[in-house]
Each structure stands twice: as structure tokens, then as C-alpha cells.
Amino acid sequence: MGRVSWYDLAFELIDMRSFSNLWYWIVLAVTWSTTSHWIVGIPWDMVQRAIRVGGRAAEDLEIVARIHAGRVNFIVEVAGLWIVGTVFFGLAVLGTLGFWFGNEFSQAVFLIVAPLSVVGALSVRTARRVAAAADLDTICRTLRVHRRIVQFIGMAAIFVTSLWGMWQNINANVLGI
């Protein structure tokens with residue numbers, strides 16, 4: 001009987017596959033929770049407080065929204081094509097490694113990053129609308145619609161990821177039989 005190293009023992013006791021790992025699902029939940037809370041860099045509670053309280057909170061929201069919208073628009077103008085090219089290249093690599101070559105880690109990362117890239121494009125559109133908005137009501141409405149769309153994308157992404165993860169776990173040859 002051979003001697004088992006601590007490394008082999010750890011990998012035997014802890015399942016290192018992505019879709020059966022609890023940490024992956026925690027990361028997925030935290031990612032979408034954070035993404036739906038920070039709308040174009042603006043915390044959602046700040047939007048709610050501006051709508052509910054008004055006054056100084058509303059002024060602060062308008063200032064912060066215009067600053068973040070200007071920042072996103074500047075980044076898109078300066079490096080937008082490079083960002084789009086890099087994101088699509090990364091998605092192509094992850095998709096190819098994951099779904100063509102069967103690398104489960106690449107599949108897992110792809111299923112988080114691909115919907116986030118859609119949210120990124122949506123954030124650019126929202127930033128342009130916020131920058132062009134005439135008043136605070138339009139800004140709040142734009143941010144509210146953006147958040148609802150992000151929440152829908154997140155729910156769909158979690159649903160698709162859970163279906164794919166269950167499929168991978170069902171088809172996994174864990175016992176080596």
C-alpha cells in the first residue's frame with residue numbers, strides 16, 4: 001500500500017470540480033447580488049433614498065450619477081474598442097475551452113462572465129442616457145429600468161447555470177465506474 005500525500009488526500013476529500021463546489025455557487029450569488037446593487041457604479045440604496053427623501057439626497061444622487069456616467073462614457077470613448085475586443089476574445093477562449101474541449105472550469109467562468117458582458121454593454125447605454133437626462137426623475141427612472149433588466153439577466157443566468165451545473169454533475173463520473 002502506497003503512501004498518500006496531503007495533497008492527494010485534500011483533492012480526494014474536497015471536490016475540485018466547479019459545478020459541485022459550494023464556493024462556485026456562493027461566488028455566483030454574490031456576483032449577481034453585487035451587480036444588481038451597484039447600478040453604473042451607483043449604490044441602489046442611494047437611488048432609493050433620493051426618491052424617498054429628496055432634498056440633499058436627491059442632489060447627491062444627481063451629482064454622483066452624472067460623475068459615474070461621465071466616467072463610463074469617457075472610458076468607452078478612449079478604450080471602448082479595445083475593451084470590446086478583449087472581452088470577446090476572452091469569451092471566445094473560455095467558450096472554446098469550456099464547451100468544445102470540455103474544461104469544466106472554463107464553462108463555469110464563461111457562465112458568469114458572458115452575462116456580465118451583456119450587463120456591461122447595458123451599463124454603457126444607461127450611462128449615455130443618464131448623461132443626457134434633463135432632470136433627476138429621468139435619471140431615477142433610467143436607473144430603475146436598468147436595475148430591473150440586470151436582475152432579469154441575473155435570474156436567467158443563475159437559472160441557465162444551475163441547469164448546466166446539474167447536467168454536469170449528473171454526467172460526472174465521480175466514482176470512476
# chains A, B, ... in the order shown; residues from 1 in each chain; ligands from 1

call {"tool": "residues_around", "arguments": {"residues": "A:Val72", "least_positions_apart": "3", "cutoff": "12 Å", "atoms": "only C-alpha atoms", "output": "PyMOL selection string"}}
result
chain A and resi 39-42+65-69+75-80+120-131

call {"tool": "residues_around", "arguments": {"residues": "A:Ser36", "least_positions_apart": "4", "cutoff": "7 Å", "atoms": "only C-alpha atoms", "output": "PyMOL selection string"}}
result
chain A and resi 32+147+150-151

call {"tool": "select_by_dssp", "arguments": {"residues": "stretch 14-49 of chain A", "states": "strand (DSSP E)", "output": "count of residues only"}}
result
4

call {"tool": "residues_around", "arguments": {"residues": "A:Gly95", "least_positions_apart": "4", "cutoff": "7 Å", "atoms": "only C-alpha atoms", "output": "PyMOL selection string"}}
result
chain A and resi 91+99+107+110

call {"tool": "residues_around", "arguments": {"residues": "A:Asn169", "least_positions_apart": "6", "cutoff": "10 Å", "atoms": "only C-alpha atoms", "output": "NGL selection string"}}
result
:A and (17-20 or 163)

call {"tool": "atom_distance", "arguments": {"atom1": "atom CA of A:Gly70", "atom2": "atom CA of A:Pro115"}}
result
23.7 Å

call {"tool": "residues_around", "arguments": {"residues": "A:Ala114", "least_positions_apart": "2", "cutoff": "12 Å", "atoms": "only C-alpha atoms", "output": "list in words"}}
result
Val87, Phe88, Phe89, Gly90, Leu91, Ala92, Val93, Leu94, Gly95, Ser106, Gln107, Ala108, Val109, Phe110, Leu111, Ile112, Leu116, Ser117, Val118, Val119, Gly120, Ala121, Ile153, Gly154, Ala156, Ala157, Ile158, Val160 and Thr161 of chain A

call {"tool": "write_last_selection", "arguments": {"atoms": "C-alpha atoms", "output": "CSV table (one decimal), in the first residue's frame"}}
result
chain,number,residue,atom,x,y,z
A,87,VAL,CA,-13.9,40.8,-23.8
A,88,PHE,CA,-14.9,39.0,-27.0
A,89,PHE,CA,-11.5,37.3,-27.2
A,90,GLY,CA,-11.8,36.2,-23.6
A,91,LEU,CA,-15.3,34.9,-24.1
A,92,ALA,CA,-14.2,33.0,-27.3
A,93,VAL,CA,-11.3,31.4,-25.4
A,94,LEU,CA,-13.5,30.4,-22.4
A,95,GLY,CA,-16.3,29.2,-24.7
A,106,SER,CA,-13.8,27.4,-18.3
A,107,GLN,CA,-17.5,26.5,-18.6
A,108,ALA,CA,-18.1,27.8,-15.0
A,109,VAL,CA,-16.2,31.1,-15.6
A,110,PHE,CA,-17.9,31.6,-19.0
A,111,LEU,CA,-21.4,31.2,-17.4
A,112,ILE,CA,-20.5,34.0,-15.0
A,116,LEU,CA,-21.8,40.1,-17.1
A,117,SER,CA,-20.6,41.3,-20.5
A,118,VAL,CA,-24.2,41.9,-21.5
A,119,VAL,CA,-24.7,43.9,-18.3
A,120,GLY,CA,-21.6,45.9,-19.2
A,121,ALA,CA,-23.0,46.8,-22.6
A,153,ILE,CA,-30.4,38.9,-16.7
A,154,GLY,CA,-29.1,37.7,-13.3
A,156,ALA,CA,-31.8,33.9,-16.2
A,157,ALA,CA,-28.0,33.5,-15.8
A,158,ILE,CA,-28.4,31.7,-12.5
A,160,VAL,CA,-29.1,28.5,-17.0
A,161,THR,CA,-26.0,28.0,-14.9

call {"tool": "decode", "arguments": {"residues": "stretch 13-127 of chain A", "atoms": "C-alpha atoms", "output": "PDB file, in the first residue's frame"}}
result
ATOM      1  CA  LEU A  13     -11.830  14.934   0.184  1.00  0.00           C
ATOM      2  CA  ILE A  14     -12.652  18.249  -1.478  1.00  0.00           C
ATOM      3  CA  ASP A  15     -14.376  18.053  -4.830  1.00  0.00           C
ATOM      4  CA  MET A  16     -12.423  20.394  -7.101  1.00  0.00           C
ATOM      5  CA  ARG A  17     -14.935  20.342  -9.929  1.00  0.00           C
ATOM      6  CA  SER A  18     -16.607  23.707 -10.425  1.00  0.00           C
ATOM      7  CA  PHE A  19     -20.312  22.908 -10.508  1.00  0.00           C
ATOM      8  CA  SER A  20     -20.276  20.648  -7.462  1.00  0.00           C
ATOM      9  CA  ASN A  21     -18.254  23.103  -5.415  1.00  0.00           C
ATOM     10  CA  LEU A  22     -20.173  25.209  -2.902  1.00  0.00           C
ATOM     11  CA  TRP A  23     -17.763  28.122  -3.365  1.00  0.00           C
ATOM     12  CA  TYR A  24     -18.696  28.443  -7.032  1.00  0.00           C
ATOM     13  CA  TRP A  25     -22.369  28.869  -6.162  1.00  0.00           C
ATOM     14  CA  ILE A  26     -21.510  31.392  -3.440  1.00  0.00           C
ATOM     15  CA  VAL A  27     -19.431  33.386  -5.954  1.00  0.00           C
ATOM     16  CA  LEU A  28     -22.290  33.239  -8.465  1.00  0.00           C
ATOM     17  CA  ALA A  29     -24.822  34.526  -5.909  1.00  0.00           C
ATOM     18  CA  VAL A  30     -22.535  37.288  -4.618  1.00  0.00           C
ATOM     19  CA  THR A  31     -21.664  38.344  -8.169  1.00  0.00           C
ATOM     20  CA  TRP A  32     -25.293  38.846  -9.162  1.00  0.00           C
ATOM     21  CA  SER A  33     -26.259  40.395  -5.836  1.00  0.00           C
ATOM     22  CA  THR A  34     -23.449  42.930  -6.153  1.00  0.00           C
ATOM     23  CA  THR A  35     -24.155  43.565  -9.830  1.00  0.00           C
ATOM     24  CA  SER A  36     -27.805  44.351  -9.159  1.00  0.00           C
ATOM     25  CA  HIS A  37     -26.915  46.598  -6.209  1.00  0.00           C
ATOM     26  CA  TRP A  38     -24.304  48.764  -7.957  1.00  0.00           C
ATOM     27  CA  ILE A  39     -26.000  50.301 -10.988  1.00  0.00           C
ATOM     28  CA  VAL A  40     -23.418  52.063 -13.205  1.00  0.00           C
ATOM     29  CA  GLY A  41     -21.315  52.490 -10.058  1.00  0.00           C
ATOM     30  CA  ILE A  42     -24.188  53.943  -8.031  1.00  0.00           C
ATOM     31  CA  PRO A  43     -25.428  52.022  -4.989  1.00  0.00           C
ATOM     32  CA  TRP A  44     -29.130  51.217  -5.238  1.00  0.00           C
ATOM     33  CA  ASP A  45     -29.845  52.388  -1.691  1.00  0.00           C
ATOM     34  CA  MET A  46     -28.690  55.860  -2.735  1.00  0.00           C
ATOM     35  CA  VAL A  47     -31.289  55.897  -5.523  1.00  0.00           C
ATOM     36  CA  GLN A  48     -33.996  54.730  -3.130  1.00  0.00           C
ATOM     37  CA  ARG A  49     -33.059  57.362  -0.554  1.00  0.00           C
ATOM     38  CA  ALA A  50     -33.126  60.100  -3.203  1.00  0.00           C
ATOM     39  CA  ILE A  51     -36.607  59.012  -4.335  1.00  0.00           C
ATOM     40  CA  ARG A  52     -37.944  58.604  -0.808  1.00  0.00           C
ATOM     41  CA  VAL A  53     -36.340  61.561   0.994  1.00  0.00           C
ATOM     42  CA  GLY A  54     -35.478  64.037  -1.751  1.00  0.00           C
ATOM     43  CA  GLY A  55     -33.617  67.220  -0.851  1.00  0.00           C
ATOM     44  CA  ARG A  56     -29.907  66.794  -0.273  1.00  0.00           C
ATOM     45  CA  ALA A  57     -30.067  63.030  -1.042  1.00  0.00           C
ATOM     46  CA  ALA A  58     -31.591  63.803  -4.454  1.00  0.00           C
ATOM     47  CA  GLU A  59     -28.919  66.398  -5.193  1.00  0.00           C
ATOM     48  CA  ASP A  60     -26.194  63.950  -4.187  1.00  0.00           C
ATOM     49  CA  LEU A  61     -27.651  61.257  -6.425  1.00  0.00           C
ATOM     50  CA  GLU A  62     -27.779  63.568  -9.415  1.00  0.00           C
ATOM     51  CA  ILE A  63     -24.159  64.631  -8.897  1.00  0.00           C
ATOM     52  CA  VAL A  64     -22.907  61.061  -8.375  1.00  0.00           C
ATOM     53  CA  ALA A  65     -24.937  59.735 -11.316  1.00  0.00           C
ATOM     54  CA  ARG A  66     -23.546  62.346 -13.672  1.00  0.00           C
ATOM     55  CA  ILE A  67     -19.989  61.722 -12.433  1.00  0.00           C
ATOM     56  CA  HIS A  68     -20.248  57.956 -12.932  1.00  0.00           C
ATOM     57  CA  ALA A  69     -21.991  58.339 -16.288  1.00  0.00           C
ATOM     58  CA  GLY A  70     -19.272  60.720 -17.452  1.00  0.00           C
ATOM     59  CA  ARG A  71     -16.598  58.322 -16.255  1.00  0.00           C
ATOM     60  CA  VAL A  72     -18.122  55.352 -18.119  1.00  0.00           C
ATOM     61  CA  ASN A  73     -18.633  57.429 -21.261  1.00  0.00           C
ATOM     62  CA  PHE A  74     -15.018  58.639 -21.133  1.00  0.00           C
ATOM     63  CA  ILE A  75     -13.685  55.096 -20.751  1.00  0.00           C
ATOM     64  CA  VAL A  76     -15.815  53.927 -23.687  1.00  0.00           C
ATOM     65  CA  GLU A  77     -14.621  56.803 -25.885  1.00  0.00           C
ATOM     66  CA  VAL A  78     -10.958  56.236 -25.039  1.00  0.00           C
ATOM     67  CA  ALA A  79     -10.705  52.445 -24.891  1.00  0.00           C
ATOM     68  CA  GLY A  80     -14.095  51.090 -25.936  1.00  0.00           C
ATOM     69  CA  LEU A  81     -12.920  49.146 -28.982  1.00  0.00           C
ATOM     70  CA  TRP A  82     -10.035  47.583 -27.062  1.00  0.00           C
ATOM     71  CA  ILE A  83     -12.351  46.589 -24.220  1.00  0.00           C
ATOM     72  CA  VAL A  84     -14.882  45.038 -26.617  1.00  0.00           C
ATOM     73  CA  GLY A  85     -12.142  43.167 -28.469  1.00  0.00           C
ATOM     74  CA  THR A  86     -10.567  41.880 -25.264  1.00  0.00           C
ATOM     75  CA  VAL A  87     -13.909  40.782 -23.815  1.00  0.00           C
ATOM     76  CA  PHE A  88     -14.932  38.958 -26.979  1.00  0.00           C
ATOM     77  CA  PHE A  89     -11.523  37.307 -27.237  1.00  0.00           C
ATOM     78  CA  GLY A  90     -11.754  36.177 -23.608  1.00  0.00           C
ATOM     79  CA  LEU A  91     -15.288  34.882 -24.106  1.00  0.00           C
ATOM     80  CA  ALA A  92     -14.214  33.026 -27.252  1.00  0.00           C
ATOM     81  CA  VAL A  93     -11.297  31.404 -25.424  1.00  0.00           C
ATOM     82  CA  LEU A  94     -13.457  30.440 -22.431  1.00  0.00           C
ATOM     83  CA  GLY A  95     -16.251  29.163 -24.657  1.00  0.00           C
ATOM     84  CA  THR A  96     -13.886  27.119 -26.792  1.00  0.00           C
ATOM     85  CA  LEU A  97     -12.005  25.632 -23.851  1.00  0.00           C
ATOM     86  CA  GLY A  98     -15.190  25.025 -21.937  1.00  0.00           C
ATOM     87  CA  PHE A  99     -17.699  23.763 -24.417  1.00  0.00           C
ATOM     88  CA  TRP A 100     -15.527  22.427 -27.251  1.00  0.00           C
ATOM     89  CA  PHE A 101     -12.738  20.872 -25.163  1.00  0.00           C
ATOM     90  CA  GLY A 102     -14.904  20.104 -22.122  1.00  0.00           C
ATOM     91  CA  ASN A 103     -12.983  22.067 -19.479  1.00  0.00           C
ATOM     92  CA  GLU A 104     -15.462  22.464 -16.621  1.00  0.00           C
ATOM     93  CA  PHE A 105     -13.664  25.410 -15.006  1.00  0.00           C
ATOM     94  CA  SER A 106     -13.820  27.357 -18.285  1.00  0.00           C
ATOM     95  CA  GLN A 107     -17.522  26.544 -18.566  1.00  0.00           C
ATOM     96  CA  ALA A 108     -18.094  27.824 -15.050  1.00  0.00           C
ATOM     97  CA  VAL A 109     -16.225  31.070 -15.637  1.00  0.00           C
ATOM     98  CA  PHE A 110     -17.929  31.563 -19.008  1.00  0.00           C
ATOM     99  CA  LEU A 111     -21.366  31.173 -17.420  1.00  0.00           C
ATOM    100  CA  ILE A 112     -20.534  34.005 -15.008  1.00  0.00           C
ATOM    101  CA  VAL A 113     -18.657  36.327 -17.383  1.00  0.00           C
ATOM    102  CA  ALA A 114     -20.852  36.085 -20.502  1.00  0.00           C
ATOM    103  CA  PRO A 115     -23.989  37.548 -18.868  1.00  0.00           C
ATOM    104  CA  LEU A 116     -21.839  40.139 -17.106  1.00  0.00           C
ATOM    105  CA  SER A 117     -20.593  41.314 -20.512  1.00  0.00           C
ATOM    106  CA  VAL A 118     -24.223  41.894 -21.522  1.00  0.00           C
ATOM    107  CA  VAL A 119     -24.687  43.910 -18.324  1.00  0.00           C
ATOM    108  CA  GLY A 120     -21.560  45.878 -19.220  1.00  0.00           C
ATOM    109  CA  ALA A 121     -22.979  46.819 -22.608  1.00  0.00           C
ATOM    110  CA  LEU A 122     -26.265  47.720 -20.960  1.00  0.00           C
ATOM    111  CA  SER A 123     -24.376  49.882 -18.451  1.00  0.00           C
ATOM    112  CA  VAL A 124     -22.786  51.839 -21.291  1.00  0.00           C
ATOM    113  CA  ARG A 125     -26.228  52.513 -22.745  1.00  0.00           C
ATOM    114  CA  THR A 126     -27.549  53.545 -19.329  1.00  0.00           C
ATOM    115  CA  ALA A 127     -24.573  55.843 -18.736  1.00  0.00           C
TER     116      ALA A 127
END
